[in-house]
$ cat work.pdb   # PDB, C-alpha atoms
MODEL        1
ATOM      1  CA  MET Q  12    -110.942-104.998 171.388
ATOM      2  CA  VAL Q  13    -111.923-102.623 174.163
ATOM      3  CA  ARG Q  14    -109.090-100.563 175.592
ATOM      4  CA  HIS Q  15    -109.406 -99.311 179.148
ATOM      5  CA  HIS Q  16    -107.562 -96.112 179.969
ATOM      6  CA  GLN Q  17    -106.578 -94.925 183.417
ATOM      7  CA  PRO Q  18    -104.250 -92.297 184.878
ATOM      8  CA  ARG Q  19    -100.647 -93.283 185.478
ATOM      9  CA  LYS Q  20     -99.816 -94.593 188.930
ATOM     10  CA  GLY Q  21     -97.927 -92.151 191.131
ATOM     11  CA  SER Q  22     -96.535 -88.708 190.384
ATOM     12  CA  VAL Q  23     -93.309 -88.157 188.457
ATOM     13  CA  ALA Q  24     -93.152 -84.537 189.594
ATOM     14  CA  PHE Q  25     -90.354 -85.233 192.061
ATOM     15  CA  SER Q  26     -87.545 -87.154 190.407
ATOM     16  CA  PRO Q  27     -85.219 -88.729 191.199
ATOM     17  CA  ARG Q  28     -86.677 -89.949 194.475
ATOM     18  CA  LYS Q  29     -83.458 -90.228 196.410
ATOM     19  CA  ARG Q  30     -82.366 -89.290 199.898
ATOM     20  CA  VAL Q  31     -81.520 -85.634 200.489
ATOM     21  CA  ALA Q  32     -77.835 -84.788 200.834
ATOM     22  CA  LYS Q  33     -78.452 -82.692 203.973
ATOM     23  CA  GLU Q  34     -81.331 -82.848 206.406
ATOM     24  CA  THR Q  35     -81.289 -79.060 206.843
ATOM     25  CA  PRO Q  36     -83.130 -77.788 203.743
ATOM     26  CA  ARG Q  37     -81.517 -75.243 201.468
ATOM     27  CA  ILE Q  38     -83.948 -72.578 200.264
ATOM     28  CA  LYS Q  39     -83.088 -71.198 196.840
ATOM     29  CA  ALA Q  40     -85.991 -68.757 196.364
ATOM     30  CA  TRP Q  41     -87.109 -65.957 198.665
ATOM     31  CA  PRO Q  42     -90.067 -63.600 198.068
ATOM     32  CA  LYS Q  43     -89.563 -59.911 197.473
ATOM     33  CA  ASN Q  44     -90.402 -57.925 200.598
ATOM     34  CA  ASP Q  45     -89.540 -54.315 201.396
ATOM     35  CA  GLU Q  46     -90.138 -54.711 205.130
ATOM     36  CA  PRO Q  47     -86.796 -54.687 207.030
ATOM     37  CA  LYS Q  48     -86.852 -58.110 208.691
ATOM     38  CA  LEU Q  49     -85.876 -61.748 208.244
ATOM     39  CA  LEU Q  50     -88.005 -63.656 205.741
ATOM     40  CA  GLY Q  51     -87.723 -67.033 207.434
ATOM     41  CA  LEU Q  52     -87.555 -68.844 210.745
ATOM     42  CA  ALA Q  53     -86.504 -72.333 211.838
ATOM     43  CA  GLY Q  54     -88.197 -74.475 214.454
ATOM     44  CA  TYR Q  55     -88.362 -78.071 215.603
ATOM     45  CA  LYS Q  56     -91.451 -80.160 214.989
ATOM     46  CA  VAL Q  57     -92.989 -81.216 218.304
ATOM     47  CA  GLY Q  58     -96.090 -83.146 217.284
ATOM     48  CA  MET Q  59     -99.781 -82.681 216.573
ATOM     49  CA  THR Q  60    -102.932 -82.018 218.545
ATOM     50  CA  HIS Q  61    -106.345 -80.537 217.764
ATOM     51  CA  ALA Q  62    -107.970 -77.201 218.474
ATOM     52  CA  LEU Q  63    -111.447 -75.710 218.346
ATOM     53  CA  VAL Q  64    -111.243 -72.719 215.988
ATOM     54  CA  THR Q  65    -113.893 -70.345 214.671
ATOM     55  CA  GLU Q  66    -113.980 -70.665 210.871
ATOM     56  CA  THR Q  67    -113.272 -67.324 209.150
ATOM     57  CA  ASP Q  68    -113.283 -68.391 205.496
ATOM     58  CA  LYS Q  69    -116.175 -66.509 203.886
ATOM     59  CA  ASN Q  70    -116.459 -69.123 201.125
ATOM     60  CA  SER Q  71    -116.750 -72.004 203.579
ATOM     61  CA  PRO Q  72    -120.199 -73.406 204.456
ATOM     62  CA  LYS Q  73    -118.946 -73.487 208.066
ATOM     63  CA  ASN Q  74    -118.122 -69.759 208.138
ATOM     64  CA  GLY Q  75    -118.665 -68.419 211.651
ATOM     65  CA  MET Q  76    -118.976 -71.891 213.158
ATOM     66  CA  ASP Q  77    -116.625 -73.509 215.670
ATOM     67  CA  VAL Q  78    -114.826 -76.438 214.043
ATOM     68  CA  PHE Q  79    -112.180 -78.870 215.266
ATOM     69  CA  THR Q  80    -108.999 -78.708 213.212
ATOM     70  CA  PRO Q  81    -105.689 -80.594 213.440
ATOM     71  CA  VAL Q  82    -102.721 -78.402 214.328
ATOM     72  CA  THR Q  83     -98.951 -78.943 214.364
ATOM     73  CA  VAL Q  84     -96.814 -77.585 217.190
ATOM     74  CA  LEU Q  85     -93.379 -76.129 216.369
ATOM     75  CA  GLU Q  86     -90.961 -75.143 219.124
ATOM     76  CA  VAL Q  87     -89.222 -71.990 217.918
ATOM     77  CA  PRO Q  88     -86.606 -70.638 220.339
ATOM     78  CA  PRO Q  89     -85.060 -67.373 219.090
ATOM     79  CA  VAL Q  90     -82.594 -67.830 216.238
ATOM     80  CA  VAL Q  91     -79.300 -65.951 216.094
ATOM     81  CA  VAL Q  92     -78.058 -64.000 213.070
ATOM     82  CA  MET Q  93     -74.424 -65.138 212.891
ATOM     83  CA  GLY Q  94     -73.285 -63.751 209.535
ATOM     84  CA  ILE Q  95     -73.952 -61.710 206.410
ATOM     85  CA  ARG Q  96     -73.330 -62.725 202.804
ATOM     86  CA  ALA Q  97     -73.116 -60.408 199.803
ATOM     87  CA  TYR Q  98     -73.773 -61.820 196.325
ATOM     88  CA  GLU Q  99     -72.835 -60.531 192.882
ATOM     89  CA  LYS Q 100     -74.316 -61.682 189.583
ATOM     90  CA  THR Q 101     -71.899 -63.406 187.194
ATOM     91  CA  SER Q 102     -72.236 -65.280 183.916
ATOM     92  CA  ARG Q 103     -72.282 -68.482 185.977
ATOM     93  CA  GLY Q 104     -74.926 -67.362 188.438
ATOM     94  CA  MET Q 105     -74.739 -65.741 191.852
ATOM     95  CA  LYS Q 106     -71.317 -65.671 193.505
ATOM     96  CA  VAL Q 107     -70.415 -64.754 197.088
ATOM     97  CA  ILE Q 108     -68.365 -61.541 197.340
ATOM     98  CA  THR Q 109     -67.514 -61.900 201.024
ATOM     99  CA  GLU Q 110     -68.930 -62.829 204.421
ATOM    100  CA  VAL Q 111     -69.204 -60.975 207.716
ATOM    101  CA  LEU Q 112     -69.350 -62.961 210.961
ATOM    102  CA  ALA Q 113     -70.694 -61.747 214.278
ATOM    103  CA  ASP Q 114     -68.628 -61.271 217.410
ATOM    104  CA  ASN Q 115     -68.814 -63.757 220.294
ATOM    105  CA  LEU Q 116     -70.195 -66.673 218.305
ATOM    106  CA  ASP Q 117     -71.802 -69.499 220.244
ATOM    107  CA  GLU Q 118     -69.227 -72.112 221.294
ATOM    108  CA  GLU Q 119     -71.601 -74.879 220.209
ATOM    109  CA  LEU Q 120     -71.040 -73.764 216.595
ATOM    110  CA  SER Q 121     -67.608 -75.421 216.758
ATOM    111  CA  ARG Q 122     -69.483 -78.744 216.578
ATOM    112  CA  LYS Q 123     -70.749 -77.723 213.134
ATOM    113  CA  ILE Q 124     -68.100 -75.469 211.546
ATOM    114  CA  SER Q 125     -64.536 -74.315 212.156
ATOM    115  CA  LEU Q 126     -64.646 -70.990 213.941
ATOM    116  CA  PRO Q 127     -62.045 -68.396 212.856
ATOM    117  CA  LYS Q 128     -59.356 -67.627 215.431
ATOM    118  CA  GLU Q 129     -58.264 -64.319 213.953
ATOM    119  CA  TYR Q 130     -60.948 -62.358 212.157
ATOM    120  CA  ASN Q 131     -61.244 -58.705 211.180
ATOM    121  CA  LYS Q 132     -64.953 -57.891 211.207
ATOM    122  CA  SER Q 133     -64.634 -54.207 210.291
ATOM    123  CA  GLU Q 134     -62.510 -55.064 207.256
ATOM    124  CA  ALA Q 135     -65.147 -57.522 205.997
ATOM    125  CA  ILE Q 136     -67.921 -54.930 206.471
ATOM    126  CA  ALA Q 137     -65.876 -52.324 204.586
ATOM    127  CA  LYS Q 138     -65.391 -54.781 201.732
ATOM    128  CA  ILE Q 139     -69.162 -55.314 201.388
ATOM    129  CA  GLN Q 140     -69.870 -51.584 201.568
ATOM    130  CA  GLY Q 141     -67.241 -50.918 198.916
ATOM    131  CA  ALA Q 142     -68.791 -53.499 196.579
ATOM    132  CA  LEU Q 143     -72.418 -52.361 196.937
ATOM    133  CA  GLU Q 144     -72.528 -51.183 193.303
ATOM    134  CA  ASN Q 145     -71.930 -54.743 192.100
ATOM    135  CA  THR Q 146     -73.972 -56.388 194.843
ATOM    136  CA  GLU Q 147     -77.093 -58.142 193.601
ATOM    137  CA  ASP Q 148     -78.429 -59.485 196.894
ATOM    138  CA  ILE Q 149     -77.734 -59.624 200.629
ATOM    139  CA  LYS Q 150     -78.576 -62.663 202.747
ATOM    140  CA  VAL Q 151     -77.830 -63.634 206.332
ATOM    141  CA  LEU Q 152     -76.605 -66.796 208.019
ATOM    142  CA  VAL Q 153     -78.787 -67.911 210.905
ATOM    143  CA  HIS Q 154     -78.277 -70.661 213.470
ATOM    144  CA  THR Q 155     -80.716 -72.354 215.824
ATOM    145  CA  ASN Q 156     -80.280 -73.121 219.509
ATOM    146  CA  PRO Q 157     -81.452 -76.736 219.996
ATOM    147  CA  LYS Q 158     -79.864 -77.242 223.421
ATOM    148  CA  VAL Q 159     -82.625 -75.178 225.073
ATOM    149  CA  THR Q 160     -85.343 -77.391 223.541
ATOM    150  CA  SER Q 161     -86.305 -81.022 224.165
ATOM    151  CA  VAL Q 162     -84.398 -82.081 221.028
ATOM    152  CA  PRO Q 163     -81.533 -84.304 222.249
ATOM    153  CA  LYS Q 164     -78.649 -82.492 220.560
ATOM    154  CA  LYS Q 165     -76.368 -79.520 221.080
ATOM    155  CA  LYS Q 166     -75.137 -78.985 217.514
ATOM    156  CA  PRO Q 167     -76.920 -75.939 216.004
ATOM    157  CA  ASP Q 168     -78.481 -76.023 212.556
ATOM    158  CA  ILE Q 169     -77.236 -73.326 210.163
ATOM    159  CA  PHE Q 170     -79.204 -72.054 207.188
ATOM    160  CA  GLU Q 171     -79.124 -69.091 204.827
ATOM    161  CA  CYS Q 172     -82.073 -66.732 205.147
ATOM    162  CA  GLY Q 173     -83.393 -63.974 202.924
ATOM    163  CA  ILE Q 174     -83.878 -60.476 204.276
ATOM    164  CA  GLY Q 175     -86.358 -57.740 203.425
ATOM    165  CA  GLY Q 176     -85.466 -54.485 201.711
ATOM    166  CA  ALA Q 177     -85.964 -52.634 198.436
ATOM    167  CA  THR Q 178     -82.239 -52.306 197.638
ATOM    168  CA  PRO Q 179     -79.057 -54.154 198.635
ATOM    169  CA  GLU Q 180     -78.078 -51.112 200.706
ATOM    170  CA  GLU Q 181     -81.288 -51.307 202.755
ATOM    171  CA  LYS Q 182     -80.820 -55.042 203.211
ATOM    172  CA  LEU Q 183     -77.241 -54.513 204.387
ATOM    173  CA  ASN Q 184     -78.298 -51.913 206.953
ATOM    174  CA  THR Q 185     -80.976 -54.265 208.296
ATOM    175  CA  ALA Q 186     -78.522 -57.152 208.399
ATOM    176  CA  LEU Q 187     -75.948 -55.103 210.316
ATOM    177  CA  GLU Q 188     -78.585 -54.178 212.896
ATOM    178  CA  LEU Q 189     -79.532 -57.846 213.367
ATOM    179  CA  LEU Q 190     -75.976 -59.230 213.308
ATOM    180  CA  GLY Q 191     -75.232 -61.113 216.517
ATOM    181  CA  ASN Q 192     -78.759 -60.605 217.890
ATOM    182  CA  GLU Q 193     -81.564 -63.044 218.609
ATOM    183  CA  VAL Q 194     -84.732 -62.926 216.517
ATOM    184  CA  SER Q 195     -87.984 -64.462 217.743
ATOM    185  CA  ALA Q 196     -91.025 -65.693 215.828
ATOM    186  CA  SER Q 197     -93.133 -62.668 216.760
ATOM    187  CA  ASP Q 198     -90.534 -60.388 215.115
ATOM    188  CA  ILE Q 199     -91.021 -62.109 211.750
ATOM    189  CA  PHE Q 200     -94.562 -63.499 211.515
ATOM    190  CA  LYS Q 201     -97.991 -62.628 212.858
ATOM    191  CA  GLU Q 202    -100.974 -64.736 213.829
ATOM    192  CA  GLY Q 203    -103.300 -65.571 210.943
ATOM    193  CA  GLN Q 204    -100.511 -65.219 208.382
ATOM    194  CA  PHE Q 205     -99.825 -67.814 205.688
ATOM    195  CA  VAL Q 206     -96.303 -69.226 205.416
ATOM    196  CA  ASP Q 207     -94.452 -71.869 203.419
ATOM    197  CA  ALA Q 208     -93.052 -74.871 205.319
ATOM    198  CA  ILE Q 209     -89.859 -76.531 204.032
ATOM    199  CA  ALA Q 210     -88.537 -79.713 205.626
ATOM    200  CA  THR Q 211     -87.239 -83.226 204.982
ATOM    201  CA  THR Q 212     -89.996 -85.841 205.021
ATOM    202  CA  LYS Q 213     -90.069 -89.043 207.031
ATOM    203  CA  GLY Q 214     -87.689 -91.678 205.703
ATOM    204  CA  LYS Q 215     -89.310 -95.017 204.828
ATOM    205  CA  GLY Q 216     -86.309 -96.835 203.373
ATOM    206  CA  PHE Q 217     -86.361 -99.148 200.338
ATOM    207  CA  GLN Q 218     -89.951 -99.881 199.266
ATOM    208  CA  GLY Q 219     -91.604-101.814 196.476
ATOM    209  CA  VAL Q 220     -93.700-100.433 193.649
ATOM    210  CA  VAL Q 221     -97.078-100.956 195.322
ATOM    211  CA  LYS Q 222     -96.258 -98.748 198.311
ATOM    212  CA  ARG Q 223     -93.896 -96.391 196.476
ATOM    213  CA  TRP Q 224     -96.029 -95.693 193.400
ATOM    214  CA  GLY Q 225     -99.483 -97.019 194.289
ATOM    215  CA  ILE Q 226     -99.835 -99.499 191.411
ATOM    216  CA  ARG Q 227    -102.518-102.188 191.664
ATOM    217  CA  ILE Q 228    -101.680-105.653 192.951
ATOM    218  CA  GLN Q 229    -101.822-108.250 190.152
ATOM    219  CA  TYR Q 230    -105.033-110.280 190.178
ATOM    220  CA  GLY Q 231    -105.014-114.069 190.461
ATOM    221  CA  LYS Q 232    -105.199-115.053 186.787
ATOM    222  CA  ALA Q 233    -102.746-112.455 185.460
ATOM    223  CA  ALA Q 234     -99.641-113.646 183.600
ATOM    224  CA  ARG Q 235     -96.815-114.551 185.977
ATOM    225  CA  SER Q 236     -99.308-114.151 188.833
ATOM    226  CA  SER Q 237     -97.028-116.027 191.216
ATOM    227  CA  LYS Q 238     -95.632-112.562 191.905
ATOM    228  CA  ALA Q 239     -98.462-110.178 192.653
ATOM    229  CA  ARG Q 240     -96.719-107.006 193.832
ATOM    230  CA  HIS Q 241     -94.956-106.032 190.626
ATOM    231  CA  VAL Q 242     -95.478-103.990 187.443
ATOM    232  CA  GLY Q 243     -97.218-105.968 184.705
ATOM    233  CA  SER Q 244     -94.880-104.586 182.030
ATOM    234  CA  ILE Q 245     -91.808-102.365 182.288
ATOM    235  CA  GLY Q 246     -92.046-101.267 178.649
ATOM    236  CA  PRO Q 247     -92.523-102.291 174.992
ATOM    237  CA  TRP Q 248     -90.063-104.013 172.682
ATOM    238  CA  THR Q 249     -89.541-100.729 170.868
ATOM    239  CA  PRO Q 250     -87.891 -98.603 172.090
ATOM    240  CA  SER Q 251     -85.761-101.368 173.564
ATOM    241  CA  ARG Q 252     -85.100 -99.697 176.893
ATOM    242  CA  THR Q 253     -86.907 -99.026 180.141
ATOM    243  CA  MET Q 254     -88.244 -95.482 180.454
ATOM    244  CA  TRP Q 255     -87.523 -93.502 183.619
ATOM    245  CA  THR Q 256     -91.270 -93.035 184.139
ATOM    246  CA  VAL Q 257     -91.841 -96.748 184.782
ATOM    247  CA  ALA Q 258     -92.648 -97.452 188.417
ATOM    248  CA  GLN Q 259     -89.794 -99.302 190.102
ATOM    249  CA  ALA Q 260     -88.740-100.105 193.654
ATOM    250  CA  GLY Q 261     -86.329 -97.818 195.495
ATOM    251  CA  GLN Q 262     -85.914 -95.205 198.201
ATOM    252  CA  MET Q 263     -89.134 -93.806 199.642
ATOM    253  CA  GLY Q 264     -89.233 -90.765 201.914
ATOM    254  CA  TYR Q 265     -86.449 -88.583 203.318
ATOM    255  CA  HIS Q 266     -87.005 -86.077 200.518
ATOM    256  CA  LYS Q 267     -86.999 -82.281 200.707
ATOM    257  CA  ARG Q 268     -90.541 -80.981 200.309
ATOM    258  CA  THR Q 269     -92.188 -77.542 200.385
ATOM    259  CA  GLU Q 270     -95.793 -77.068 201.492
ATOM    260  CA  PHE Q 271     -97.227 -73.733 200.403
ATOM    261  CA  ASN Q 272     -99.560 -71.443 202.335
ATOM    262  CA  LYS Q 273     -99.842 -73.050 205.753
ATOM    263  CA  ARG Q 274    -101.729 -70.826 208.186
ATOM    264  CA  ILE Q 275    -100.247 -69.777 211.530
ATOM    265  CA  LEU Q 276    -102.978 -69.977 214.159
ATOM    266  CA  LYS Q 277    -100.961 -68.892 217.171
ATOM    267  CA  ILE Q 278     -97.547 -67.514 218.159
ATOM    268  CA  ALA Q 279     -96.932 -67.913 221.872
ATOM    269  CA  SER Q 280     -94.092 -67.116 224.270
ATOM    270  CA  LYS Q 281     -92.438 -69.593 226.610
ATOM    271  CA  ASP Q 282     -94.633 -68.267 229.434
ATOM    272  CA  GLU Q 283     -97.644 -69.905 227.747
ATOM    273  CA  VAL Q 284     -96.288 -73.456 227.409
ATOM    274  CA  ASP Q 285     -98.852 -74.738 229.940
ATOM    275  CA  GLN Q 286    -101.554 -74.072 227.335
ATOM    276  CA  ILE Q 287    -100.025 -76.596 224.921
ATOM    277  CA  ASN Q 288     -98.072 -79.241 226.881
ATOM    278  CA  PRO Q 289    -100.116 -82.435 227.288
ATOM    279  CA  ASP Q 290     -99.947 -84.709 230.322
ATOM    280  CA  GLY Q 291     -96.714 -86.677 230.018
ATOM    281  CA  GLY Q 292     -95.384 -84.499 227.174
ATOM    282  CA  PHE Q 293     -95.567 -85.047 223.431
ATOM    283  CA  VAL Q 294     -94.792 -88.550 222.162
ATOM    284  CA  LYS Q 295     -91.134 -88.944 221.063
ATOM    285  CA  TYR Q 296     -90.437 -85.301 221.916
ATOM    286  CA  GLY Q 297     -91.179 -84.307 225.491
ATOM    287  CA  LEU Q 298     -92.258 -80.925 226.812
ATOM    288  CA  VAL Q 299     -92.227 -77.601 224.991
ATOM    289  CA  LYS Q 300     -89.934 -75.204 226.908
ATOM    290  CA  ASN Q 301     -89.687 -72.152 224.616
ATOM    291  CA  ASP Q 302     -91.731 -70.025 222.240
ATOM    292  CA  TYR Q 303     -93.951 -72.105 220.001
ATOM    293  CA  VAL Q 304     -96.032 -71.744 216.866
ATOM    294  CA  LEU Q 305     -99.303 -73.498 216.050
ATOM    295  CA  VAL Q 306     -99.714 -74.232 212.333
ATOM    296  CA  LYS Q 307    -102.993 -75.430 210.867
ATOM    297  CA  GLY Q 308    -102.769 -78.932 209.410
ATOM    298  CA  SER Q 309     -99.732 -81.180 209.095
ATOM    299  CA  LEU Q 310     -96.092 -80.451 208.267
ATOM    300  CA  PRO Q 311     -93.408 -82.633 206.647
ATOM    301  CA  GLY Q 312     -91.140 -84.810 208.757
ATOM    302  CA  PRO Q 313     -91.239 -86.669 212.071
ATOM    303  CA  SER Q 314     -90.981 -85.126 215.516
ATOM    304  CA  LYS Q 315     -87.670 -83.366 216.302
ATOM    305  CA  ARG Q 316     -87.205 -82.591 212.563
ATOM    306  CA  LEU Q 317     -86.065 -79.077 211.625
ATOM    307  CA  VAL Q 318     -88.782 -77.143 209.775
ATOM    308  CA  ILE Q 319     -88.127 -73.782 208.099
ATOM    309  CA  LEU Q 320     -91.048 -71.369 207.802
ATOM    310  CA  ARG Q 321     -90.758 -68.804 205.004
ATOM    311  CA  GLU Q 322     -92.794 -65.808 203.915
ATOM    312  CA  PRO Q 323     -95.214 -67.099 201.218
ATOM    313  CA  ILE Q 324     -93.636 -67.034 197.781
ATOM    314  CA  ARG Q 325     -97.002 -67.399 196.013
ATOM    315  CA  PRO Q 326     -99.723 -66.072 198.383
ATOM    316  CA  ASN Q 327    -103.190 -67.513 197.952
ATOM    317  CA  GLY Q 328    -104.941 -64.205 198.606
ATOM    318  CA  LYS Q 329    -107.068 -65.560 201.469
ATOM    319  CA  SER Q 330    -107.910 -63.425 204.490
ATOM    320  CA  GLU Q 331    -105.273 -63.232 207.229
ATOM    321  CA  ASP Q 332    -107.683 -62.210 209.978
ATOM    322  CA  LEU Q 333    -106.709 -62.968 213.551
ATOM    323  CA  PRO Q 334    -107.898 -66.547 214.220
ATOM    324  CA  GLN Q 335    -110.089 -67.180 217.246
ATOM    325  CA  ILE Q 336    -108.967 -70.290 219.130
ATOM    326  CA  ASN Q 337    -111.528 -71.442 221.684
ATOM    327  CA  TYR Q 338    -109.845 -74.632 222.891
ATOM    328  CA  ILE Q 339    -106.562 -76.531 222.484
ATOM    329  CA  SER Q 340    -106.446 -80.186 223.476
ATOM    330  CA  THR Q 341    -103.854 -81.014 226.142
ATOM    331  CA  LYS Q 342    -105.032 -84.577 226.590
ATOM    332  CA  SER Q 343    -102.187 -87.091 226.888
ATOM    333  CA  LYS Q 344    -101.041 -88.407 223.496
ATOM    334  CA  GLN Q 345     -99.520 -91.541 225.045
ATOM    335  CA  GLY Q 346    -100.958 -94.644 223.462
ATOM    336  CA  VAL Q 347    -102.769 -92.723 220.706
TER     337      VAL Q 347
ENDMDL
END

$ encode --input "work.pdb" --output "structure tokens"
Amino acid sequence: MVRHHQPRKGSVAFSPRKRVAKETPRIKAWPKNDEPKLLGLAGYKVGMTHALVTETDKNSPKNGMDVFTPVTVLEVPPVVVMGIRAYEKTSRGMKVITEVLADNLDEELSRKISLPKEYNKSEAIAKIQGALENTEDIKVLVHTNPKVTSVPKKKPDIFECGIGGATPEEKLNTALELLGNEVSASDIFKEGQFVDAIATTKGKGFQGVVKRWGIRIQYGKAARSSKARHVGSIGPWTPSRTMWTVAQAGQMGYHKRTEFNKRILKIASKDEVDQINPDGGFVKYGLVKNDYVLVKGSLPGPSKRLVILREPIRPNGKSEDLPQINYISTKSKQGV
């Protein structure tokens, strides 16, 4: 008897495939960086277009040639550093020592959290400074400002962001300087740099095994061929149970995903929005009104989805030369 072997259908790398608890991704790992700045930035996915870019990869057969490449547009209005968190290391992991909140917090934050009525900022800062010996890490709380974009909401998104510095003391000093201030994309990243993109993917609802796992459709003369879009066998008699690796129907999409080493082609101010806005605006988004970032290739999620860009946690070592963009398509995307 001839046995035919083939790779398993679908990846079991991400399990369980269930909906994320929160659409705003939580980032657990931040790279080490001694530069005093934020290590991440949040923006809203606008859509995609294409650009004519001069290839700079020395290992590419198209090196030096002008090539069309798909690009994703992110609208990135300045984010606001609203708080500081100090962490200490315990036997049960990292634990928050205390928090410091900025003065004059945005009123729109009351849609998201309960704002303190009576708060002693100087006392909280003194508590962090007094516990620096036991402090393992310093992070900051950052919120977005969606009401100035074309995203139809006023409620800000809040996420925890890493900060650069060699010691907790340096990180604290940087955080205190940034507390309550706006930070723009050009303060964190530079053109040509590689970044990691973290976001929640498009939700596709409950799907069957053919779409969810990519198994083959049963051929006409297979056993029980009256049902074609199903797994031929969900397991052997022994062991008498169904393994978790067997492809089954269920939730597809709306998962948190990280894409490593996405290249930033351009960081532009809100004065340059005419260079990117197509006729009639972007489909399901509208017009870009603020600073924006062009990222080479695609990013997770639909339009209007929050995307967090992070300093690369495992750099690929490729050149970060300044990219030369010769043309950006502003042709209407309606009906495409």

$ residues_around --input "work.pdb" --residues "Leu333 in chain Q" --least-positions-apart "3" --cutoff "8 Å" --atoms "only C-alpha atoms" --output "CSV table (one decimal) with C-alpha atoms, in the coordinates of the input"
chain,number,residue,atom,x,y,z
Q,202,GLU,CA,-101.0,-64.7,213.8
Q,203,GLY,CA,-103.3,-65.6,210.9
Q,276,LEU,CA,-103.0,-70.0,214.2

$ closest_residue --input "work.pdb" --among "Q:Val294, Q:Ala62, Q:Val90, Q:Ile209" --to "Phe271 in chain Q" --atoms "all atoms listed in the file"
Q:Ile209

$ residues_around --input "work.pdb" --residues "range 147-154 of chain Q" --least-positions-apart "5" --cutoff "9 Å" --atoms "all atoms listed in the file" --output "JSON, numbers by chain"
{"Q": [49, 52, 53, 90, 91, 92, 93, 94, 95, 96, 97, 98, 99, 100, 105, 112, 120, 167, 168, 169, 170, 171, 172, 173, 174, 178, 179, 180, 182, 183, 186, 190]}

$ resolve_selection --input "work.pdb" --expression "the PyMOL selection byres ((chain Q and resi 261) around 6)" --output "list in words"
Phe217, Gln218, Ala260 and Gln262 of chain Q

$ closest_residue --input "work.pdb" --among "Q:His61, Q:Lys33, Q:His241, Q:Lys232" --to "Gly219 in chain Q" --atoms "all atoms listed in the file"
Q:His241

$ atom_distance --input "work.pdb" --atom1 "CA of Gly216 in chain Q" --atom2 "CA of Leu317 in chain Q"
19.6 Å

$ resolve_selection --input "work.pdb" --expression "the PyMOL selection byres ((chain Q and resi 270) around 9)" --output "ChimeraX atom specification"
/Q:206-210,268-269,271-273,310-311

$ write_last_selection --input "work.pdb" --atoms "C-alpha atoms" --output "PDB file, keeping the file's coordinate frame"
ATOM      1  CA  VAL Q 206     -96.303 -69.226 205.416  1.00  0.00           C
ATOM      2  CA  ASP Q 207     -94.452 -71.869 203.419  1.00  0.00           C
ATOM      3  CA  ALA Q 208     -93.052 -74.871 205.319  1.00  0.00           C
ATOM      4  CA  ILE Q 209     -89.859 -76.531 204.032  1.00  0.00           C
ATOM      5  CA  ALA Q 210     -88.537 -79.713 205.626  1.00  0.00           C
ATOM      6  CA  ARG Q 268     -90.541 -80.981 200.309  1.00  0.00           C
ATOM      7  CA  THR Q 269     -92.188 -77.542 200.385  1.00  0.00           C
ATOM      8  CA  PHE Q 271     -97.227 -73.733 200.403  1.00  0.00           C
ATOM      9  CA  ASN Q 272     -99.560 -71.443 202.335  1.00  0.00           C
ATOM     10  CA  LYS Q 273     -99.842 -73.050 205.753  1.00  0.00           C
ATOM     11  CA  LEU Q 310     -96.092 -80.451 208.267  1.00  0.00           C
ATOM     12  CA  PRO Q 311     -93.408 -82.633 206.647  1.00  0.00           C
TER      13      PRO Q 311
END

$ resolve_selection --input "work.pdb" --expression "the PyMOL selection byres ((chain Q and resi 239) around 8)" --output "number ranges by chain"
Q: 228-231, 236-238, 240-241

$ residues_around --input "work.pdb" --residues "Arg28 in chain Q" --least-positions-apart "6" --cutoff "10 Å" --atoms "all atoms listed in the file" --output "number ranges by chain"
Q: 223, 261-267

$ atom_distance --input "work.pdb" --atom1 "CA of Gly191 in chain Q" --atom2 "CA of Lys277 in chain Q"
26.9 Å

$ closest_residue --input "work.pdb" --among "Q:Val111, Q:Ile324, Q:Ile319, Q:Val284" --to "Thr341 in chain Q" --atoms "only C-alpha atoms"
Q:Val284

$ atom_distance --input "work.pdb" --atom1 "CA of Lys295 in chain Q" --atom2 "CA of Ala279 in chain Q"
21.8 Å

$ residues_around --input "work.pdb" --residues "Lys69 in chain Q" --least-positions-apart "6" --cutoff "10 Å" --atoms "all atoms listed in the file" --output "VMD selection string"
chain Q and resid 75 329 to 330

$ closest_residue --input "work.pdb" --among "Q:Gly225, Q:Gly214, Q:Gly21, Q:Gly246" --to "Glu34 in chain Q" --atoms "all atoms listed in the file"
Q:Gly214

$ residues_around --input "work.pdb" --residues "Lys300 in chain Q" --least-positions-apart "6" --cutoff "8 Å" --atoms "only C-alpha atoms" --output "list in words"
Glu86, Val159, Thr160, Ser161, Lys281 and Val284 of chain Q

$ closest_residue --input "work.pdb" --among "Q:Ala258, Q:Val299, Q:Ser102, Q:Val23" --to "Trp224 in chain Q" --atoms "only C-alpha atoms"
Q:Ala258

$ axis_aligned_box --input "work.pdb" --around "range 78-93 of chain Q" --padding-each-side "3 Å" --output "AutoDock Vina command-line options"
--center_x -94.6 --center_y -72.3 --center_z 216.6 --size_x 46.4 --size_y 22.6 --size_z 13.4

$ closest_residue --input "work.pdb" --among "Q:Gly328, Q:Gly308, Q:Asn301, Q:Val220" --to "Gly54 in chain Q" --atoms "all atoms listed in the file"
Q:Asn301
